[in-house]
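K.L.:
If you scroll down you'll find the structure; I have some questions about it.
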Amino acid sequence: MITVERLTKHYGKIRGLEKVSFRVAPGQLTVVIGPSGGGKSTLLRCLNGLEPFDEGRVRIGSFEVDVRPGQGQSGLTRLREEVGLVFQSFNLFPHLTAQANVELAPRVVKGMAAAESAALARDLLDKVGLGGRLDAYPHQLSGGQQQRAAIARALAMDPAVLLLDEPTSALDPVLTRDVVALINRLYLDNVTMLCVTHDLFLARYICDQVVFLAQGRVHAQGSIESLSQQRDDPSLQAFFGRGAESGVAC
Amino acid sequence: MLNALGAVLHDALQASLGASFTADLIEQGPLILDGLAKTLWLAAGVSLTGLLWGVLVFRASTSSHGAVRRAAKAYISFFIGMPLLVLLFLMYYGLPQWGVRVSPFMVAWVGFTLNVGAYNAAYLTTAYSGLSRDELDAAAAQGFSGGQIFRLIVLPQVLRQSVPALTNQVILNLKDSSIVFLIQVTEFFGRMQELAATNFQFLKTYLLAAAVYLVLVSIIVLAARWLERRVALPSGAV
């Protein structure tokens, strides 16, 4: 369960997030959509503690997030054990193999035994379809494979929720299909996920709820159909209008 | 007639000096070898301590504390900006005025370490600036502490990236060690100076010294190339 209440984040006079509130039930996939610069990535970075927020409350499961400036590393480490984050540009460690990328955090951060973390990494990479590429370095993997390895790396910490920041936007359509299929499989396995994306296929066919974020505010939430029908919000109209022009409208 | 006599005298003098050079070289051989050992010991030692000190200064330059970061950067600028010989003279002649007396060899070692550490820190900082910040965010997002990110993600990459610069610095350390005879450290070049002063065969003496440095540098270059191949980042990495 993720509960976000009146989450506010400002960068000086620039509004990053303004009183953002929504909930994600356990085992659900919520998709956050909206125009670029609307605060989607900032939201995920606040939920993971990469950015301290100014006001509001965030609960991840039973854990109350407190990442205001001055909080210690122990709180952050505990938070990040609860919240896995997958980045748009994969961000695998280039000097480590796929297996080493996945097993490093469980071993170092959680103190798992080396043999146990290695076995966990092999299992997870097998689960995401990379069982045969354990010893490959990131540059030897395709974009889709790198993203799947990055998802395996996030899952290795056994997080209560998985945050995905535009996981398919750096991929071509074929590779996107692989990653979407993996997200769908995780969804069917009841992994709680919050996914920022421009991929309306996820929003239309897989997720339970869509949150529309623009100018740092939640303008609407519900099903993709209900959002696309709303005619009273200029941001929504502009977003779906642009989507229709570029051929990705629902 | 006079010309012929001059030529004979010249040849005789040359032969005499040549014999004298070889004899002096053999006679002073043990001292020269002792100097060579000091040179190698100093170059290897300051390469190691300079690397360790450089890593510490680099770590400080990436600290989350602004004051520590600024102090590290000021240190790098200061010691790169100060000529090594000035630093050695400052320590060798200046410290005794404050009542601090250390051996010339220790002055050389500490002075070199302070200087080389600054250069090594600068090489590592340059490599660090090429690392993806998103990669560091990814590590933080997984719960790694700042120290763990530095040790497991940053350092392995910047050290490997910096191998060419760091091994060039080892070569510089060897060559620069020839100045420490100016603070009375009787290393290889100092001993060669003594040899030249004994028989005035400056050309032969300094050519021999240059040949010895060339052989040593060639060995370091070969070792450096081997190391570069062995620890190179996987192709395509940063």
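Residues are referred to by chain and number: the chain letter is A, B, ... according to the order shown in the structure tokens, the number counts from 1 in that chain, and ligands are numbered separately from 1 in the order shown.
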Find the residues of chain A that sit at most 8 Å from chain B; for each, write down the nearest two atoms and how far apart they are in Å, to one decimal. Count only C-alpha atoms. Sort by chain, then by number going up, and give it as CSV.

P.N.:
residue,atom,partner,partner_atom,distance
A:Asn48,CA,B:Ala141,CA,6.5
A:Gly49,CA,B:Ala141,CA,7.6
A:Leu50,CA,B:Ala141,CA,6.8
A:Gln73,CA,B:Ser145,CA,6.8
A:Leu76,CA,B:Gly143,CA,6.9
A:Thr77,CA,B:Gly143,CA,4.6
A:Arg78,CA,B:Gly143,CA,7.6
A:Leu79,CA,B:Gly143,CA,8.0
A:Arg80,CA,B:Gly143,CA,5.2
A:Glu81,CA,B:Gly143,CA,6.7
A:Gly84,CA,B:Gln142,CA,6.8
A:Leu85,CA,B:Ala141,CA,6.4
A:Val86,CA,B:Ala138,CA,7.9
A:Phe87,CA,B:Ala138,CA,7.5
A:Asn91,CA,B:Glu135,CA,4.8
A:Leu92,CA,B:Glu135,CA,6.7
A:Phe93,CA,B:Glu135,CA,6.6
A:Pro94,CA,B:Ala237,CA,5.1
A:His95,CA,B:Leu233,CA,6.1
A:Ala105,CA,B:Gln142,CA,6.5
A:Val108,CA,B:Phe144,CA,7.7
A:Val109,CA,B:Phe144,CA,6.0
A:Tyr137,CA,B:Pro234,CA,7.1
A:Pro138,CA,B:Ala237,CA,7.9
A:His139,CA,B:Gly236,CA,5.7
A:Ala154,CA,B:Gln142,CA,7.2
A:Met157,CA,B:Gln142,CA,7.6

K.L.:
I'd like the neighbourhood of B:Leu182 as an MDAnalysis selection string, where a residue qualifies if any of its atoms comes within 10 Å (using only C-alpha atoms), though same-chain residues fewer than 4 positions away should be ignored.

P.N.:
chainID B and resid 85 88:89 92 104 178 186 190

K.L.:
How many Å lie between atom CA of A:Arg133 and atom CA of A:Ala121, rounded to one decimal?

P.N.:
11.6 Å

K.L.:
Give me the residues within 6 Å of stretch 27-33 of chain A as a list in words, counting only C-alpha atoms and dropping any in the same chain fewer than 4 places off.

P.N.:
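Here the answer would be Asn190, Val191, Thr192, Met193, Leu194, Cys195, Val196, Thr197, Ala203, Cys207, Asp208, Gln209, Val210, Val211 and Phe212 of chain A.
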
K.L.:
Got a sec: who's within 10 Å of stretch 172-174 of chain B, counting only C-alpha atoms, leaving out chain neighbours fewer than 6 positions off, as a short mmCIF file (atom, residue, chain, number, x, y, z; two decimals) with N, CA and C atoms, in the first residue's frame?

P.N.:
data_model
loop_
_atom_site.label_atom_id
_atom_site.label_comp_id
_atom_site.auth_asym_id
_atom_site.auth_seq_id
_atom_site.Cartn_x
_atom_site.Cartn_y
_atom_site.Cartn_z
N THR B 39 66.76 5.45 -5.08
CA THR B 39 65.87 6.03 -6.10
C THR B 39 64.64 5.14 -6.30
N LEU B 40 64.90 3.83 -6.45
CA LEU B 40 63.77 2.91 -6.68
C LEU B 40 62.85 2.86 -5.47
N TRP B 41 63.44 2.85 -4.29
CA TRP B 41 62.66 2.80 -3.05
C TRP B 41 61.80 4.05 -2.92
N LEU B 42 62.42 5.21 -3.21
CA LEU B 42 61.68 6.48 -3.10
C LEU B 42 60.56 6.54 -4.15
N ALA B 43 60.88 6.19 -5.40
CA ALA B 43 59.87 6.28 -6.47
C ALA B 43 58.71 5.33 -6.20
N ALA B 44 59.04 4.09 -5.80
CA ALA B 44 57.97 3.11 -5.53
C ALA B 44 57.16 3.53 -4.31
N GLY B 45 57.87 3.98 -3.28
CA GLY B 45 57.19 4.36 -2.04
C GLY B 45 56.25 5.53 -2.24
N VAL B 46 56.74 6.59 -2.89
CA VAL B 46 55.87 7.76 -3.05
C VAL B 46 54.75 7.47 -4.06
N SER B 47 54.97 6.53 -4.96
CA SER B 47 53.89 6.16 -5.87
C SER B 47 52.75 5.51 -5.08
N GLY B 50 51.47 8.21 -2.45
CA GLY B 50 50.82 9.27 -3.23
C GLY B 50 49.47 8.82 -3.76
N PHE B 112 57.10 14.58 -1.64
CA PHE B 112 56.60 13.95 -2.86
C PHE B 112 55.15 13.46 -2.68
N THR B 113 54.89 12.86 -1.52
CA THR B 113 53.53 12.32 -1.29
C THR B 113 52.49 13.44 -1.33
N VAL B 116 52.36 14.46 -5.15
CA VAL B 116 51.82 13.42 -6.02
C VAL B 116 50.36 13.14 -5.67
N LEU B 166 47.63 7.56 -13.89
CA LEU B 166 48.31 7.17 -12.65
C LEU B 166 49.66 6.52 -12.93
N TYR B 213 67.90 5.64 -16.49
CA TYR B 213 66.51 6.10 -16.33
C TYR B 213 65.63 5.56 -17.46
N LEU B 216 64.70 1.97 -16.81
CA LEU B 216 63.72 1.87 -15.73
C LEU B 216 62.33 2.33 -16.20
N VAL B 217 62.32 3.43 -16.94
CA VAL B 217 61.04 3.95 -17.43
C VAL B 217 60.41 2.95 -18.41
N ILE B 220 58.66 0.32 -16.51
CA ILE B 220 57.39 0.82 -15.95
C ILE B 220 56.33 0.90 -17.06
#

K.L.:
Excluding stretch 218-231 of chain A and its own-chain neighbours fewer than 6 positions away, which residues fall within 12 Å of it when counting only C-alpha atoms? Please give them as a PDB file with N, CA and C atoms, in the first residue's frame.

P.N.:
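In the end it all went to result.pdb:
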ATOM      1  N   VAL A   4      -0.156   8.629  -0.343  1.00  0.00           N
ATOM      2  CA  VAL A   4       0.492   9.938  -0.516  1.00  0.00           C
ATOM      3  C   VAL A   4      -0.540  11.007  -0.181  1.00  0.00           C
ATOM      4  N   GLU A   5      -0.211  11.859   0.779  1.00  0.00           N
ATOM      5  CA  GLU A   5      -1.171  12.887   1.203  1.00  0.00           C
ATOM      6  C   GLU A   5      -0.522  14.264   1.143  1.00  0.00           C
ATOM      7  N   ARG A   6      -1.088  15.099   0.316  1.00  0.00           N
ATOM      8  CA  ARG A   6      -0.703  16.514   0.228  1.00  0.00           C
ATOM      9  C   ARG A   6       0.821  16.688   0.098  1.00  0.00           C
ATOM     10  N   LEU A   7       1.414  15.857  -0.708  1.00  0.00           N
ATOM     11  CA  LEU A   7       2.870  15.896  -0.910  1.00  0.00           C
ATOM     12  C   LEU A   7       3.250  17.162  -1.684  1.00  0.00           C
ATOM     13  N   THR A   8       4.166  17.933  -1.106  1.00  0.00           N
ATOM     14  CA  THR A   8       4.552  19.211  -1.712  1.00  0.00           C
ATOM     15  C   THR A   8       6.073  19.311  -1.787  1.00  0.00           C
ATOM     16  N   GLY A  16       7.477  21.998  -7.827  1.00  0.00           N
ATOM     17  CA  GLY A  16       7.696  20.642  -8.331  1.00  0.00           C
ATOM     18  C   GLY A  16       6.464  19.792  -8.150  1.00  0.00           C
ATOM     19  N   LEU A  17       5.973  19.773  -6.909  1.00  0.00           N
ATOM     20  CA  LEU A  17       4.739  19.046  -6.581  1.00  0.00           C
ATOM     21  C   LEU A  17       3.909  19.910  -5.649  1.00  0.00           C
ATOM     22  N   GLU A  18       2.600  19.893  -5.826  1.00  0.00           N
ATOM     23  CA  GLU A  18       1.726  20.743  -5.002  1.00  0.00           C
ATOM     24  C   GLU A  18       0.554  19.909  -4.482  1.00  0.00           C
ATOM     25  N   LYS A  19       0.642  19.554  -3.206  1.00  0.00           N
ATOM     26  CA  LYS A  19      -0.460  18.854  -2.519  1.00  0.00           C
ATOM     27  C   LYS A  19      -0.942  17.635  -3.309  1.00  0.00           C
ATOM     28  N   VAL A  20       0.004  16.812  -3.666  1.00  0.00           N
ATOM     29  CA  VAL A  20      -0.335  15.602  -4.430  1.00  0.00           C
ATOM     30  C   VAL A  20      -0.834  14.527  -3.473  1.00  0.00           C
ATOM     31  N   SER A  21      -1.994  13.962  -3.781  1.00  0.00           N
ATOM     32  CA  SER A  21      -2.564  12.897  -2.944  1.00  0.00           C
ATOM     33  C   SER A  21      -3.108  11.784  -3.825  1.00  0.00           C
ATOM     34  N   PHE A  22      -2.823  10.553  -3.443  1.00  0.00           N
ATOM     35  CA  PHE A  22      -3.445   9.375  -4.076  1.00  0.00           C
ATOM     36  C   PHE A  22      -3.062   8.153  -3.259  1.00  0.00           C
ATOM     37  N   ARG A  23      -3.688   7.035  -3.566  1.00  0.00           N
ATOM     38  CA  ARG A  23      -3.376   5.791  -2.859  1.00  0.00           C
ATOM     39  C   ARG A  23      -3.195   4.678  -3.873  1.00  0.00           C
ATOM     40  N   VAL A  24      -2.348   3.756  -3.542  1.00  0.00           N
ATOM     41  CA  VAL A  24      -2.172   2.562  -4.365  1.00  0.00           C
ATOM     42  C   VAL A  24      -2.387   1.365  -3.443  1.00  0.00           C
ATOM     43  N   LEU A  29      -1.345  -1.896  -9.768  1.00  0.00           N
ATOM     44  CA  LEU A  29      -0.442  -1.083 -10.590  1.00  0.00           C
ATOM     45  C   LEU A  29      -1.137   0.244 -10.877  1.00  0.00           C
ATOM     46  N   THR A  30      -0.503   1.305 -10.437  1.00  0.00           N
ATOM     47  CA  THR A  30      -1.002   2.648 -10.739  1.00  0.00           C
ATOM     48  C   THR A  30      -0.056   3.299 -11.730  1.00  0.00           C
ATOM     49  N   VAL A  31      -0.633   3.869 -12.755  1.00  0.00           N
ATOM     50  CA  VAL A  31       0.178   4.532 -13.779  1.00  0.00           C
ATOM     51  C   VAL A  31       0.021   6.043 -13.621  1.00  0.00           C
ATOM     52  N   VAL A  32       1.147   6.742 -13.631  1.00  0.00           N
ATOM     53  CA  VAL A  32       1.124   8.209 -13.572  1.00  0.00           C
ATOM     54  C   VAL A  32       1.460   8.729 -14.963  1.00  0.00           C
ATOM     55  N   ILE A  33       0.555   9.494 -15.517  1.00  0.00           N
ATOM     56  CA  ILE A  33       0.796  10.086 -16.833  1.00  0.00           C
ATOM     57  C   ILE A  33       0.724  11.609 -16.724  1.00  0.00           C
ATOM     58  N   GLY A  34       1.159  12.258 -17.773  1.00  0.00           N
ATOM     59  CA  GLY A  34       1.104  13.719 -17.779  1.00  0.00           C
ATOM     60  C   GLY A  34       2.177  14.271 -18.679  1.00  0.00           C
ATOM     61  N   PRO A  35       2.093  15.553 -18.941  1.00  0.00           N
ATOM     62  CA  PRO A  35       3.088  16.166 -19.837  1.00  0.00           C
ATOM     63  C   PRO A  35       4.480  16.186 -19.204  1.00  0.00           C
ATOM     64  N   GLY A  38       5.900  17.831 -15.681  1.00  0.00           N
ATOM     65  CA  GLY A  38       4.711  17.963 -14.835  1.00  0.00           C
ATOM     66  C   GLY A  38       4.923  17.491 -13.411  1.00  0.00           C
ATOM     67  N   GLY A  39       6.093  16.902 -13.102  1.00  0.00           N
ATOM     68  CA  GLY A  39       6.383  16.486 -11.728  1.00  0.00           C
ATOM     69  C   GLY A  39       6.377  14.979 -11.526  1.00  0.00           C
ATOM     70  N   LYS A  40       6.267  14.212 -12.599  1.00  0.00           N
ATOM     71  CA  LYS A  40       6.145  12.748 -12.461  1.00  0.00           C
ATOM     72  C   LYS A  40       7.427  12.138 -11.862  1.00  0.00           C
ATOM     73  N   LEU A  43       7.993  13.099  -8.299  1.00  0.00           N
ATOM     74  CA  LEU A  43       7.155  12.316  -7.392  1.00  0.00           C
ATOM     75  C   LEU A  43       7.870  11.015  -6.998  1.00  0.00           C
ATOM     76  N   ASP A 199       3.583   5.379 -22.027  1.00  0.00           N
ATOM     77  CA  ASP A 199       3.071   4.234 -22.766  1.00  0.00           C
ATOM     78  C   ASP A 199       1.611   4.008 -22.361  1.00  0.00           C
ATOM     79  N   LEU A 200       0.699   4.472 -23.179  1.00  0.00           N
ATOM     80  CA  LEU A 200      -0.715   4.384 -22.815  1.00  0.00           C
ATOM     81  C   LEU A 200      -1.251   2.956 -22.930  1.00  0.00           C
ATOM     82  N   PHE A 201      -0.447   2.053 -23.516  1.00  0.00           N
ATOM     83  CA  PHE A 201      -0.867   0.653 -23.532  1.00  0.00           C
ATOM     84  C   PHE A 201      -0.958   0.149 -22.094  1.00  0.00           C
ATOM     85  N   LEU A 202       0.060   0.472 -21.286  1.00  0.00           N
ATOM     86  CA  LEU A 202       0.046   0.080 -19.872  1.00  0.00           C
ATOM     87  C   LEU A 202      -1.173   0.684 -19.182  1.00  0.00           C
ATOM     88  N   ALA A 203      -1.400   1.974 -19.449  1.00  0.00           N
ATOM     89  CA  ALA A 203      -2.504   2.679 -18.792  1.00  0.00           C
ATOM     90  C   ALA A 203      -3.858   2.080 -19.195  1.00  0.00           C
ATOM     91  N   ARG A 204      -3.952   1.638 -20.414  1.00  0.00           N
ATOM     92  CA  ARG A 204      -5.250   1.200 -20.918  1.00  0.00           C
ATOM     93  C   ARG A 204      -5.557  -0.251 -20.550  1.00  0.00           C
ATOM     94  N   TYR A 205      -4.544  -1.108 -20.638  1.00  0.00           N
ATOM     95  CA  TYR A 205      -4.836  -2.533 -20.555  1.00  0.00           C
ATOM     96  C   TYR A 205      -4.373  -3.217 -19.271  1.00  0.00           C
ATOM     97  N   ILE A 206      -3.422  -2.646 -18.569  1.00  0.00           N
ATOM     98  CA  ILE A 206      -2.864  -3.408 -17.443  1.00  0.00           C
ATOM     99  C   ILE A 206      -3.193  -2.777 -16.096  1.00  0.00           C
ATOM    100  N   CYS A 207      -3.159  -1.473 -15.985  1.00  0.00           N
ATOM    101  CA  CYS A 207      -3.175  -0.880 -14.644  1.00  0.00           C
ATOM    102  C   CYS A 207      -4.573  -0.819 -14.044  1.00  0.00           C
ATOM    103  N   ASP A 208      -4.583  -0.555 -12.728  1.00  0.00           N
ATOM    104  CA  ASP A 208      -5.850  -0.441 -12.001  1.00  0.00           C
ATOM    105  C   ASP A 208      -6.311   1.001 -11.927  1.00  0.00           C
ATOM    106  N   GLN A 209      -5.365   1.906 -11.986  1.00  0.00           N
ATOM    107  CA  GLN A 209      -5.701   3.317 -11.768  1.00  0.00           C
ATOM    108  C   GLN A 209      -4.701   4.200 -12.508  1.00  0.00           C
ATOM    109  N   VAL A 210      -5.194   5.291 -13.037  1.00  0.00           N
ATOM    110  CA  VAL A 210      -4.313   6.251 -13.703  1.00  0.00           C
ATOM    111  C   VAL A 210      -4.379   7.573 -12.942  1.00  0.00           C
ATOM    112  N   VAL A 211      -3.210   8.149 -12.688  1.00  0.00           N
ATOM    113  CA  VAL A 211      -3.144   9.473 -12.055  1.00  0.00           C
ATOM    114  C   VAL A 211      -2.593  10.422 -13.100  1.00  0.00           C
ATOM    115  N   PHE A 212      -3.302  11.518 -13.349  1.00  0.00           N
ATOM    116  CA  PHE A 212      -2.830  12.500 -14.317  1.00  0.00           C
ATOM    117  C   PHE A 212      -2.199  13.670 -13.558  1.00  0.00           C
ATOM    118  N   GLN A 237      -7.245  17.868 -21.749  1.00  0.00           N
ATOM    119  CA  GLN A 237      -7.611  18.007 -23.168  1.00  0.00           C
ATOM    120  C   GLN A 237      -6.357  18.136 -24.028  1.00  0.00           C
ATOM    121  N   ALA A 238      -5.427  18.980 -23.545  1.00  0.00           N
ATOM    122  CA  ALA A 238      -4.193  19.183 -24.317  1.00  0.00           C
ATOM    123  C   ALA A 238      -3.396  17.884 -24.401  1.00  0.00           C
ATOM    124  N   PHE A 239      -3.317  17.156 -23.271  1.00  0.00           N
ATOM    125  CA  PHE A 239      -2.528  15.924 -23.245  1.00  0.00           C
ATOM    126  C   PHE A 239      -3.123  14.881 -24.191  1.00  0.00           C
ATOM    127  N   PHE A 240      -4.404  14.652 -24.069  1.00  0.00           N
ATOM    128  CA  PHE A 240      -5.007  13.619 -24.918  1.00  0.00           C
ATOM    129  C   PHE A 240      -5.121  14.081 -26.362  1.00  0.00           C
ATOM    130  N   GLY A 241      -5.241  15.390 -26.524  1.00  0.00           N
ATOM    131  CA  GLY A 241      -5.243  15.912 -27.892  1.00  0.00           C
ATOM    132  C   GLY A 241      -3.917  15.638 -28.567  1.00  0.00           C
ATOM    133  N   ARG A 242      -2.811  15.919 -27.837  1.00  0.00           N
ATOM    134  CA  ARG A 242      -1.475  15.643 -28.378  1.00  0.00           C
ATOM    135  C   ARG A 242      -1.296  14.162 -28.604  1.00  0.00           C
ATOM    136  N   GLY A 243      -1.839  13.347 -27.641  1.00  0.00           N
ATOM    137  CA  GLY A 243      -1.736  11.902 -27.804  1.00  0.00           C
ATOM    138  C   GLY A 243      -2.395  11.456 -29.075  1.00  0.00           C
ATOM    139  N   ALA A 244      -3.582  12.046 -29.385  1.00  0.00           N
ATOM    140  CA  ALA A 244      -4.295  11.657 -30.605  1.00  0.00           C
ATOM    141  C   ALA A 244      -3.490  12.020 -31.838  1.00  0.00           C
ATOM    142  N   ALA A 249      -3.259   7.914 -28.685  1.00  0.00           N
ATOM    143  CA  ALA A 249      -4.458   8.138 -27.878  1.00  0.00           C
ATOM    144  C   ALA A 249      -5.169   6.825 -27.622  1.00  0.00           C
ATOM    145  N   CYS A 250      -5.893   6.800 -26.500  1.00  0.00           N
ATOM    146  CA  CYS A 250      -6.599   5.567 -26.166  1.00  0.00           C
ATOM    147  C   CYS A 250      -7.858   5.417 -26.999  1.00  0.00           C
TER     148      CYS A 250
END
